[in-house]
$ cat structure_1.cif   # mmCIF, C-alpha atoms
data_structure
loop_
_atom_site.group_PDB
_atom_site.id
_atom_site.type_symbol
_atom_site.label_atom_id
_atom_site.label_comp_id
_atom_site.auth_asym_id
_atom_site.auth_seq_id
_atom_site.Cartn_x
_atom_site.Cartn_y
_atom_site.Cartn_z
ATOM 1 C CA MET H 88 127.197 72.326 109.952
ATOM 2 C CA GLU H 89 129.965 74.578 111.194
ATOM 3 C CA LYS H 90 131.801 72.343 113.642
ATOM 4 C CA VAL H 91 132.665 68.711 114.297
ATOM 5 C CA TYR H 92 133.918 66.836 117.334
ATOM 6 C CA GLN H 93 136.953 64.585 117.508
ATOM 7 C CA ILE H 94 136.221 61.980 120.159
ATOM 8 C CA LYS H 95 138.157 59.028 121.516
ATOM 9 C CA ILE H 96 136.133 56.043 122.703
ATOM 10 C CA THR H 97 137.854 53.401 124.855
ATOM 11 C CA ILE H 98 136.333 50.193 126.216
ATOM 12 C CA GLN H 99 137.040 50.149 129.951
ATOM 13 C CA GLY H 100 138.570 47.260 131.911
ATOM 14 C CA ILE H 101 140.586 45.683 129.081
ATOM 15 C CA GLU H 102 144.357 45.829 128.646
ATOM 16 C CA PRO H 103 145.824 46.581 126.223
ATOM 17 C CA PRO H 104 143.072 49.081 125.415
ATOM 18 C CA ILE H 105 140.510 48.727 122.634
ATOM 19 C CA TRP H 106 139.704 52.184 121.262
ATOM 20 C CA ARG H 107 138.556 54.283 118.303
ATOM 21 C CA ARG H 108 139.089 57.932 117.396
ATOM 22 C CA ILE H 109 136.306 59.347 115.248
ATOM 23 C CA VAL H 110 135.211 62.760 114.052
ATOM 24 C CA ILE H 111 131.460 63.287 114.230
ATOM 25 C CA PRO H 112 129.098 66.043 113.097
ATOM 26 C CA SER H 113 127.775 68.415 115.760
ATOM 27 C CA ASP H 114 124.133 68.380 114.675
ATOM 28 C CA ILE H 115 123.208 64.818 115.696
ATOM 29 C CA THR H 116 121.246 63.160 118.467
ATOM 30 C CA PHE H 117 122.585 60.679 120.978
ATOM 31 C CA ALA H 118 120.703 57.952 119.092
ATOM 32 C CA ARG H 119 122.853 58.754 116.039
ATOM 33 C CA LEU H 120 126.030 58.852 118.180
ATOM 34 C CA HIS H 121 125.070 55.386 119.435
ATOM 35 C CA LYS H 122 124.940 54.169 115.812
ATOM 36 C CA TYR H 123 128.356 55.701 115.112
ATOM 37 C CA ILE H 124 129.898 53.974 118.130
ATOM 38 C CA GLN H 125 128.287 50.666 117.141
ATOM 39 C CA ALA H 126 129.730 50.943 113.622
ATOM 40 C CA SER H 127 133.144 52.064 114.882
ATOM 41 C CA PHE H 128 133.581 48.951 116.996
ATOM 42 C CA GLY H 129 131.558 46.548 114.893
ATOM 43 C CA TRP H 130 129.051 45.900 117.659
ATOM 44 C CA GLN H 131 125.890 44.236 116.331
ATOM 45 C CA ASN H 132 123.387 46.618 117.942
ATOM 46 C CA TYR H 133 121.003 44.163 119.560
ATOM 47 C CA HIS H 134 121.411 45.198 123.206
ATOM 48 C CA LEU H 135 120.270 48.197 125.232
ATOM 49 C CA TYR H 136 122.573 51.158 125.766
ATOM 50 C CA ASN H 137 122.895 54.428 127.634
ATOM 51 C CA PHE H 138 125.099 57.492 127.906
ATOM 52 C CA GLU H 139 125.858 58.553 131.453
ATOM 53 C CA PHE H 140 126.861 62.026 132.546
ATOM 54 C CA GLN H 141 127.417 63.251 136.088
ATOM 55 C CA ASP H 142 123.949 64.804 136.379
ATOM 56 C CA PHE H 143 121.795 62.784 133.959
ATOM 57 C CA VAL H 144 121.516 59.673 131.781
ATOM 58 C CA VAL H 145 120.581 59.513 128.120
ATOM 59 C CA THR H 146 118.577 56.306 127.722
ATOM 60 C CA LEU H 147 115.542 54.952 125.929
ATOM 61 C CA PRO H 148 112.406 55.364 128.043
ATOM 62 C CA SER H 149 111.339 52.279 129.988
ATOM 63 C CA ASP H 150 107.803 50.938 130.239
ATOM 64 C CA GLU H 151 108.701 49.394 133.605
ATOM 65 C CA PHE H 152 110.296 52.337 135.424
ATOM 66 C CA ALA H 153 109.357 55.996 135.811
ATOM 67 C CA SER H 154 111.906 58.524 134.549
ATOM 68 C CA GLY H 155 114.694 58.874 137.119
ATOM 69 C CA GLU H 156 113.734 55.717 139.003
ATOM 70 C CA LEU H 157 116.212 53.339 137.368
ATOM 71 C CA TYR H 158 119.337 55.517 137.480
ATOM 72 C CA GLY H 159 118.523 57.862 140.344
ATOM 73 C CA LYS H 160 118.992 60.937 138.164
ATOM 74 C CA PRO H 161 117.131 62.650 135.341
ATOM 75 C CA GLU H 162 116.828 60.794 132.049
ATOM 76 C CA LYS H 163 116.873 62.204 128.538
ATOM 77 C CA ASN H 164 115.640 60.444 125.408
ATOM 78 C CA PRO H 165 118.477 59.713 122.928
ATOM 79 C CA ARG H 166 116.148 60.143 119.943
ATOM 80 C CA SER H 167 115.382 63.771 120.785
ATOM 81 C CA THR H 168 118.464 64.924 122.721
ATOM 82 C CA LYS H 169 121.142 66.606 120.588
ATOM 83 C CA ILE H 170 124.801 66.100 121.522
ATOM 84 C CA ASP H 171 125.944 69.675 120.873
ATOM 85 C CA ALA H 172 125.269 71.119 124.338
ATOM 86 C CA TYR H 173 127.407 68.432 125.991
ATOM 87 C CA MET H 174 130.422 68.243 123.693
ATOM 88 C CA THR H 175 132.946 70.732 125.012
ATOM 89 C CA GLU H 176 136.653 70.099 124.595
ATOM 90 C CA GLY H 177 137.836 67.836 127.427
ATOM 91 C CA ALA H 178 134.324 66.626 128.315
ATOM 92 C CA LYS H 179 134.091 62.979 129.427
ATOM 93 C CA PHE H 180 131.124 60.668 129.749
ATOM 94 C CA THR H 181 130.411 56.959 129.417
ATOM 95 C CA TYR H 182 128.547 54.938 126.850
ATOM 96 C CA THR H 183 127.425 51.518 128.088
ATOM 97 C CA TYR H 184 126.380 48.875 125.603
ATOM 98 C CA ASP H 185 124.745 45.579 126.596
ATOM 99 C CA LEU H 186 123.448 46.234 130.087
ATOM 100 C CA GLY H 187 124.186 42.588 130.986
ATOM 101 C CA ASP H 188 127.807 42.321 129.821
ATOM 102 C CA ASP H 189 128.208 46.041 130.631
ATOM 103 C CA TRP H 190 130.665 47.166 127.995
ATOM 104 C CA ILE H 191 131.497 50.584 129.420
ATOM 105 C CA HIS H 192 133.157 52.910 126.929
ATOM 106 C CA GLU H 193 134.783 56.126 128.098
ATOM 107 C CA VAL H 194 134.089 58.912 125.606
ATOM 108 C CA VAL H 195 136.448 61.900 125.631
ATOM 109 C CA VAL H 196 135.907 64.988 123.496
ATOM 110 C CA GLU H 197 139.463 65.634 122.337
ATOM 111 C CA LYS H 198 138.868 68.570 119.991
ATOM 112 C CA VAL H 199 136.180 70.851 118.659
ATOM 113 C CA LEU H 200 137.069 71.499 115.013
ATOM 114 C CA LYS H 201 135.770 73.568 112.135
ATOM 115 C CA ALA H 202 133.939 71.339 109.657
ATOM 116 C CA GLU H 203 135.712 71.121 106.306
ATOM 117 C CA ASP H 204 133.597 70.906 103.145
ATOM 118 C CA GLU H 205 135.878 68.383 101.447
ATOM 119 C CA TYR H 206 135.315 65.793 104.186
ATOM 120 C CA SER H 207 132.226 63.786 105.000
ATOM 121 C CA TYR H 208 131.482 62.941 108.608
ATOM 122 C CA PRO H 209 131.614 60.739 110.573
ATOM 123 C CA VAL H 210 135.101 59.441 109.872
ATOM 124 C CA CYS H 211 137.359 57.120 111.834
ATOM 125 C CA LEU H 212 140.903 58.447 112.179
ATOM 126 C CA ASP H 213 142.488 55.653 114.174
ATOM 127 C CA GLY H 214 141.939 52.821 116.614
ATOM 128 C CA GLU H 215 143.388 49.663 118.062
ATOM 129 C CA ARG H 216 142.276 46.084 118.500
ATOM 130 C CA HIS H 217 139.100 44.130 117.797
ATOM 131 C CA ARG H 218 136.224 44.508 120.204
ATOM 132 C CA PRO H 219 135.151 41.535 122.339
ATOM 133 C CA PRO H 220 132.630 39.109 120.849
ATOM 134 C CA GLU H 221 128.986 39.878 121.615
ATOM 135 C CA ASP H 222 127.615 37.898 124.578
ATOM 136 C CA VAL H 223 131.055 36.734 125.744
ATOM 137 C CA GLY H 224 130.169 37.556 129.357
ATOM 138 C CA GLY H 225 131.720 40.962 130.038
ATOM 139 C CA VAL H 226 135.357 41.668 130.840
ATOM 140 C CA GLY H 227 135.823 38.407 132.792
ATOM 141 C CA GLY H 228 134.276 36.333 130.005
ATOM 142 C CA TYR H 229 136.449 38.096 127.432
ATOM 143 C CA GLU H 230 139.610 37.372 129.443
ATOM 144 C CA GLU H 231 138.628 33.685 129.579
ATOM 145 C CA PHE H 232 137.858 33.694 125.841
ATOM 146 C CA ILE H 233 141.293 35.186 125.063
ATOM 147 C CA ARG H 234 142.972 32.623 127.342
ATOM 148 C CA ILE H 235 141.256 29.775 125.473
ATOM 149 C CA ILE H 236 141.930 31.007 121.915
ATOM 150 C CA SER H 237 145.574 31.683 122.824
ATOM 151 C CA ASP H 238 146.099 27.968 123.552
ATOM 152 C CA SER H 239 145.605 25.773 120.483
ATOM 153 C CA ASN H 240 145.767 22.722 122.781
ATOM 154 C CA HIS H 241 142.825 23.870 124.893
ATOM 155 C CA PRO H 242 139.823 21.521 124.413
ATOM 156 C CA ASP H 243 137.510 24.482 123.638
ATOM 157 C CA TYR H 244 139.924 26.232 121.237
ATOM 158 C CA GLU H 245 138.143 25.320 117.968
ATOM 159 C CA ASN H 246 134.625 25.737 119.394
ATOM 160 C CA MET H 247 135.395 29.229 120.704
ATOM 161 C CA LEU H 248 136.887 30.348 117.385
ATOM 162 C CA ILE H 249 133.881 28.980 115.493
ATOM 163 C CA TRP H 250 131.506 30.683 117.953
ATOM 164 C CA ALA H 251 133.333 34.025 117.494
ATOM 165 C CA GLU H 252 132.934 33.929 113.692
ATOM 166 C CA LYS H 253 129.529 35.596 114.180
ATOM 167 C CA ASP H 254 131.515 38.696 115.177
ATOM 168 C CA THR H 255 134.176 38.539 112.472
ATOM 169 C CA GLY H 256 132.171 37.745 109.359
ATOM 170 C CA GLY H 257 133.844 34.332 109.159
ATOM 171 C CA ARG H 258 137.415 35.458 109.837
ATOM 172 C CA LYS H 259 139.428 33.791 112.581
ATOM 173 C CA PHE H 260 139.099 36.037 115.645
ATOM 174 C CA ASP H 261 142.251 38.092 116.106
ATOM 175 C CA PRO H 262 142.201 40.355 119.188
ATOM 176 C CA GLU H 263 144.760 42.666 117.516
ATOM 177 C CA TYR H 264 142.720 43.158 114.322
ATOM 178 C CA PHE H 265 141.781 46.720 113.390
ATOM 179 C CA TYR H 266 141.277 48.039 109.873
ATOM 180 C CA ARG H 267 140.341 51.706 109.625
ATOM 181 C CA ASN H 268 138.970 51.476 106.071
ATOM 182 C CA GLU H 269 136.549 48.759 107.183
ATOM 183 C CA VAL H 270 135.303 50.995 110.011
ATOM 184 C CA ASN H 271 134.853 53.918 107.619
ATOM 185 C CA ARG H 272 132.860 51.752 105.205
ATOM 186 C CA GLU H 273 130.515 50.853 108.083
ATOM 187 C CA LEU H 274 130.209 54.486 109.171
ATOM 188 C CA ARG H 275 129.271 55.538 105.623
ATOM 189 C CA LYS H 276 126.377 53.025 105.627
ATOM 190 C CA ILE H 277 124.591 54.839 108.471
ATOM 191 C CA LYS H 278 121.638 56.831 107.208
#
$ encode --input "structure_1.cif" --output "C-alpha coordinates"
Amino acid sequence: MEKVYQIKITIQGIEPPIWRRIVIPSDITFARLHKYIQASFGWQNYHLYNFEFQDFVVTLPSDEFASGELYGKPEKNPRSTKIDAYMTEGAKFTYTYDLGDDWIHEVVVEKVLKAEDEYSYPVCLDGERHRPPEDVGGVGGYEEFIRIISDSNHPDYENMLIWAEKDTGGRKFDPEYFYRNEVNRELRKIK
(Lines of atoms letter the chains of each structure in order from A and count residues from 1; the text may use other names and numbers.)
(Lines give C-alpha, C1' and ligand atoms only; values in the text may rest on other atoms or scores of the structure.)
Protein backbone atom coordinates (compact mmCIF):
# COMPACT_ATOMS: atom_id res chain seq x y z
CA MET A 1 0.00 0.00 0.00
CA GLU A 2 1.55 3.25 -1.13
CA LYS A 3 -1.10 5.79 -0.20
CA VAL A 4 -3.84 6.45 2.34
CA TYR A 5 -6.79 8.82 2.43
CA GLN A 6 -7.64 11.27 5.19
CA ILE A 7 -11.41 11.65 5.18
CA LYS A 8 -13.83 13.66 7.29
CA ILE A 9 -17.27 12.16 7.84
CA THR A 10 -20.05 14.41 9.18
CA ILE A 11 -23.62 13.40 10.01
CA GLN A 12 -25.89 15.85 8.19
CA GLY A 13 -28.77 17.81 9.73
CA ILE A 14 -27.47 17.97 13.31
CA GLU A 15 -26.03 21.03 15.05
CA PRO A 16 -23.50 21.18 16.53
CA PRO A 17 -21.99 18.69 14.09
CA ILE A 18 -21.15 15.07 14.86
CA TRP A 19 -18.04 14.09 12.88
CA ARG A 20 -14.96 11.88 12.63
CA ARG A 21 -11.65 12.30 10.82
CA ILE A 22 -10.03 9.00 9.89
CA VAL A 23 -7.16 7.85 7.72
CA ILE A 24 -7.96 4.77 5.67
CA PRO A 25 -5.94 2.48 3.40
CA SER A 26 -6.38 2.92 -0.36
CA ASP A 27 -6.72 -0.76 -1.24
CA ILE A 28 -10.15 -1.45 0.28
CA THR A 29 -13.68 -1.97 -0.98
CA PHE A 30 -16.69 0.15 -0.12
CA ALA A 31 -17.91 -2.71 2.08
CA ARG A 32 -14.75 -2.28 4.18
CA LEU A 33 -15.18 1.53 4.22
CA HIS A 34 -18.71 0.93 5.52
CA LYS A 35 -17.24 -1.11 8.41
CA TYR A 36 -14.75 1.67 9.17
CA ILE A 37 -17.50 4.29 9.30
CA GLN A 38 -19.63 2.04 11.51
CA ALA A 39 -16.74 1.58 13.95
CA SER A 40 -15.81 5.27 13.87
CA PHE A 41 -19.26 6.34 15.02
CA GLY A 42 -20.15 3.28 17.07
CA TRP A 43 -23.11 2.41 14.87
CA GLN A 44 -24.30 -1.15 15.47
CA ASN A 45 -24.38 -2.25 11.82
CA TYR A 46 -27.84 -3.78 11.61
CA HIS A 47 -29.37 -1.52 8.96
CA LEU A 48 -28.90 -1.16 5.21
CA TYR A 49 -26.52 1.42 3.79
CA ASN A 50 -25.34 2.99 0.56
CA PHE A 51 -22.74 5.37 -0.81
CA GLU A 52 -24.10 7.90 -3.28
CA PHE A 53 -22.08 9.70 -5.92
CA GLN A 54 -23.37 12.06 -8.58
CA ASP A 55 -23.44 9.39 -11.30
CA PHE A 56 -23.89 6.11 -9.40
CA VAL A 57 -24.74 4.44 -6.08
CA VAL A 58 -22.73 1.81 -4.26
CA THR A 59 -25.29 -0.47 -2.62
CA LEU A 60 -25.93 -4.13 -1.92
CA PRO A 61 -27.90 -5.74 -4.75
CA SER A 62 -31.64 -6.05 -4.15
CA ASP A 63 -33.74 -9.13 -4.85
CA GLU A 64 -36.77 -6.87 -5.32
CA PHE A 65 -35.44 -4.26 -7.76
CA ALA A 66 -33.38 -4.47 -10.94
CA SER A 67 -30.06 -2.61 -10.92
CA GLY A 68 -30.70 1.11 -11.47
CA GLU A 69 -34.42 0.85 -10.74
CA LEU A 70 -34.34 1.91 -7.09
CA TYR A 71 -32.00 4.91 -7.36
CA GLY A 72 -32.44 5.88 -11.00
CA LYS A 73 -28.72 5.56 -11.70
CA PRO A 74 -26.20 2.76 -12.06
CA GLU A 75 -25.44 0.66 -9.00
CA LYS A 76 -22.15 -0.87 -7.95
CA ASN A 77 -21.69 -3.68 -5.43
CA PRO A 78 -19.79 -2.54 -2.30
CA ARG A 79 -18.20 -5.97 -1.86
CA SER A 80 -16.41 -5.81 -5.21
CA THR A 81 -15.99 -2.07 -5.84
CA LYS A 82 -12.67 -0.62 -4.66
CA ILE A 83 -12.60 2.94 -3.30
CA ASP A 84 -9.34 4.01 -4.95
CA ALA A 85 -10.77 5.30 -8.24
CA TYR A 86 -13.14 7.66 -6.41
CA MET A 87 -10.93 9.10 -3.68
CA THR A 88 -9.33 12.21 -5.13
CA GLU A 89 -8.46 15.13 -2.88
CA GLY A 90 -11.57 17.29 -2.42
CA ALA A 91 -13.99 14.57 -3.57
CA LYS A 92 -17.35 14.50 -1.75
CA PHE A 93 -20.02 11.84 -1.56
CA THR A 94 -22.61 10.64 0.93
CA TYR A 95 -22.88 7.54 3.04
CA THR A 96 -26.41 6.80 4.25
CA TYR A 97 -26.95 4.37 7.09
CA ASP A 98 -30.38 3.08 8.14
CA LEU A 99 -32.56 3.75 5.13
CA GLY A 100 -35.50 4.42 7.48
CA ASP A 101 -33.91 6.94 9.86
CA ASP A 102 -31.71 8.11 6.96
CA TRP A 103 -28.51 9.05 8.72
CA ILE A 104 -26.80 10.86 5.85
CA HIS A 105 -23.07 11.32 6.36
CA GLU A 106 -21.11 13.67 4.11
CA VAL A 107 -17.72 12.15 3.30
CA VAL A 108 -14.97 14.54 2.19
CA VAL A 109 -11.55 13.37 1.02
CA GLU A 110 -9.34 15.93 2.73
CA LYS A 111 -5.91 14.59 1.77
CA VAL A 112 -4.19 11.88 -0.19
CA LEU A 113 -1.11 10.92 1.83
CA LYS A 114 1.86 8.61 1.48
CA ALA A 115 1.39 5.56 3.70
CA GLU A 116 3.92 5.41 6.53
CA ASP A 117 5.24 2.00 7.61
CA GLU A 118 5.21 2.84 11.31
CA TYR A 119 1.44 3.42 11.32
CA SER A 120 -1.37 0.93 10.96
CA TYR A 121 -4.53 1.97 9.16
CA PRO A 122 -7.32 2.80 9.63
CA VAL A 123 -6.80 5.32 12.41
CA CYS A 124 -9.08 7.97 13.86
CA LEU A 125 -7.37 11.35 14.22
CA ASP A 126 -10.20 13.38 15.70
CA GLY A 127 -13.94 13.80 16.05
CA GLU A 128 -16.70 15.40 18.04
CA ARG A 129 -19.81 14.25 19.83
CA HIS A 130 -21.62 10.95 20.27
CA ARG A 131 -23.74 9.70 17.41
CA PRO A 132 -27.52 9.49 17.81
CA PRO A 133 -28.97 6.31 19.31
CA GLU A 134 -29.95 3.63 16.79
CA ASP A 135 -33.66 3.69 15.90
CA VAL A 136 -34.27 7.10 17.49
CA GLY A 137 -36.30 8.21 14.46
CA GLY A 138 -33.91 10.27 12.34
CA VAL A 139 -32.92 13.88 12.91
CA GLY A 140 -36.35 14.88 14.27
CA GLY A 141 -36.43 11.93 16.68
CA TYR A 142 -32.90 12.74 17.84
CA GLU A 143 -33.83 16.37 18.52
CA GLU A 144 -36.80 15.18 20.61
CA PHE A 145 -34.57 12.67 22.43
CA ILE A 146 -32.04 15.41 23.28
CA ARG A 147 -34.86 17.70 24.48
CA ILE A 148 -36.13 14.97 26.82
CA ILE A 149 -32.75 13.94 28.29
CA SER A 150 -31.85 17.60 28.83
CA ASP A 151 -34.79 18.00 31.24
CA SER A 152 -34.47 15.81 34.33
CA ASN A 153 -38.07 16.74 35.22
CA HIS A 154 -39.47 15.37 31.96
CA PRO A 155 -41.65 12.28 32.62
CA ASP A 156 -39.71 10.24 30.01
CA TYR A 157 -36.24 11.33 31.18
CA GLU A 158 -35.25 8.08 32.95
CA ASN A 159 -36.87 5.80 30.36
CA MET A 160 -35.05 7.50 27.48
CA LEU A 161 -31.68 7.28 29.24
CA ILE A 162 -32.25 3.60 30.02
CA TRP A 163 -33.33 2.96 26.41
CA ALA A 164 -30.16 4.68 25.10
CA GLU A 165 -27.86 2.45 27.18
CA LYS A 166 -27.96 -0.06 24.30
CA ASP A 167 -25.87 2.50 22.39
CA THR A 168 -23.47 3.44 25.18
CA GLY A 169 -22.56 0.09 26.68
CA GLY A 170 -24.37 1.04 29.89
CA ARG A 171 -23.01 4.59 30.22
CA LYS A 172 -25.41 7.49 30.66
CA PHE A 173 -25.92 8.97 27.18
CA ASP A 174 -23.89 12.15 26.80
CA PRO A 175 -24.32 13.88 23.42
CA GLU A 176 -20.88 15.52 23.84
CA TYR A 177 -19.02 12.24 24.47
CA PHE A 178 -16.17 11.38 22.12
CA TYR A 179 -13.09 9.36 23.00
CA ARG A 180 -10.61 8.84 20.18
CA ASN A 181 -8.84 5.88 21.81
CA GLU A 182 -12.16 4.03 22.06
CA VAL A 183 -12.78 4.61 18.34
CA ASN A 184 -9.29 3.37 17.47
CA ARG A 185 -9.80 0.21 19.54
CA GLU A 186 -12.97 -0.49 17.53
CA LEU A 187 -11.20 0.19 14.23
CA ARG A 188 -8.41 -2.25 15.13
CA LYS A 189 -11.00 -5.02 15.67
CA ILE A 190 -12.08 -4.96 12.01
CA LYS A 191 -10.68 -7.90 10.10
$ resolve_selection --input "structure_1.cif" --expression "the PyMOL selection byres ((chain H and resi 182) around 9)" --output "PyMOL selection string"
chain H and resi 96+121+124+136-139+180-181+183-184+190-194
$ resolve_selection --input "structure_1.cif" --expression "the PyMOL selection byres ((chain H and resi 196) around 12)" --output "PyMOL selection string"
chain H and resi 91-97+108-111+113+170-171+173-181+193-195+197-200
$ closest_residue --input "structure_1.cif" --among "H:Glu102, H:Asp189, H:Asp254, H:Asp142" --to "Pro161 of chain H" --atoms "all atoms listed in the file"
H:Asp142
$ residues_around --input "structure_1.cif" --residues "segment 156-160 of chain H" --least-positions-apart "2" --cutoff "10 Å" --atoms "all atoms listed in the file" --output "JSON, numbers by chain"
{"H": [139, 140, 141, 142, 143, 144, 146, 149, 151, 152, 153, 154, 162, 163]}
$ axis_aligned_box --input "structure_1.cif" --around "segment 255-269 of chain H" --padding-each-side "6 Å" --output "AutoDock Vina command-line options"
--center_x 138.5 --center_y 42.7 --center_z 112.6 --size_x 24.6 --size_y 29.9 --size_z 25.1
$ closest_residue --input "structure_1.cif" --among "H:Gly225, H:Gly187, H:Gly129, H:Pro209" --to "Ile277 of chain H" --atoms "only C-alpha atoms"
H:Pro209
$ resolve_selection --input "structure_1.cif" --expression "the PyMOL selection byres ((chain H and resi 215) around 12)" --output "PyMOL selection string"
chain H and resi 95-98+102-108+127-128+211-214+216-218+261-267+270
$ closest_residue --input "structure_1.cif" --among "H:Leu120, H:Lys90, H:Ala251, H:Asn246" --to "Pro219 of chain H" --atoms "only C-alpha atoms"
H:Ala251
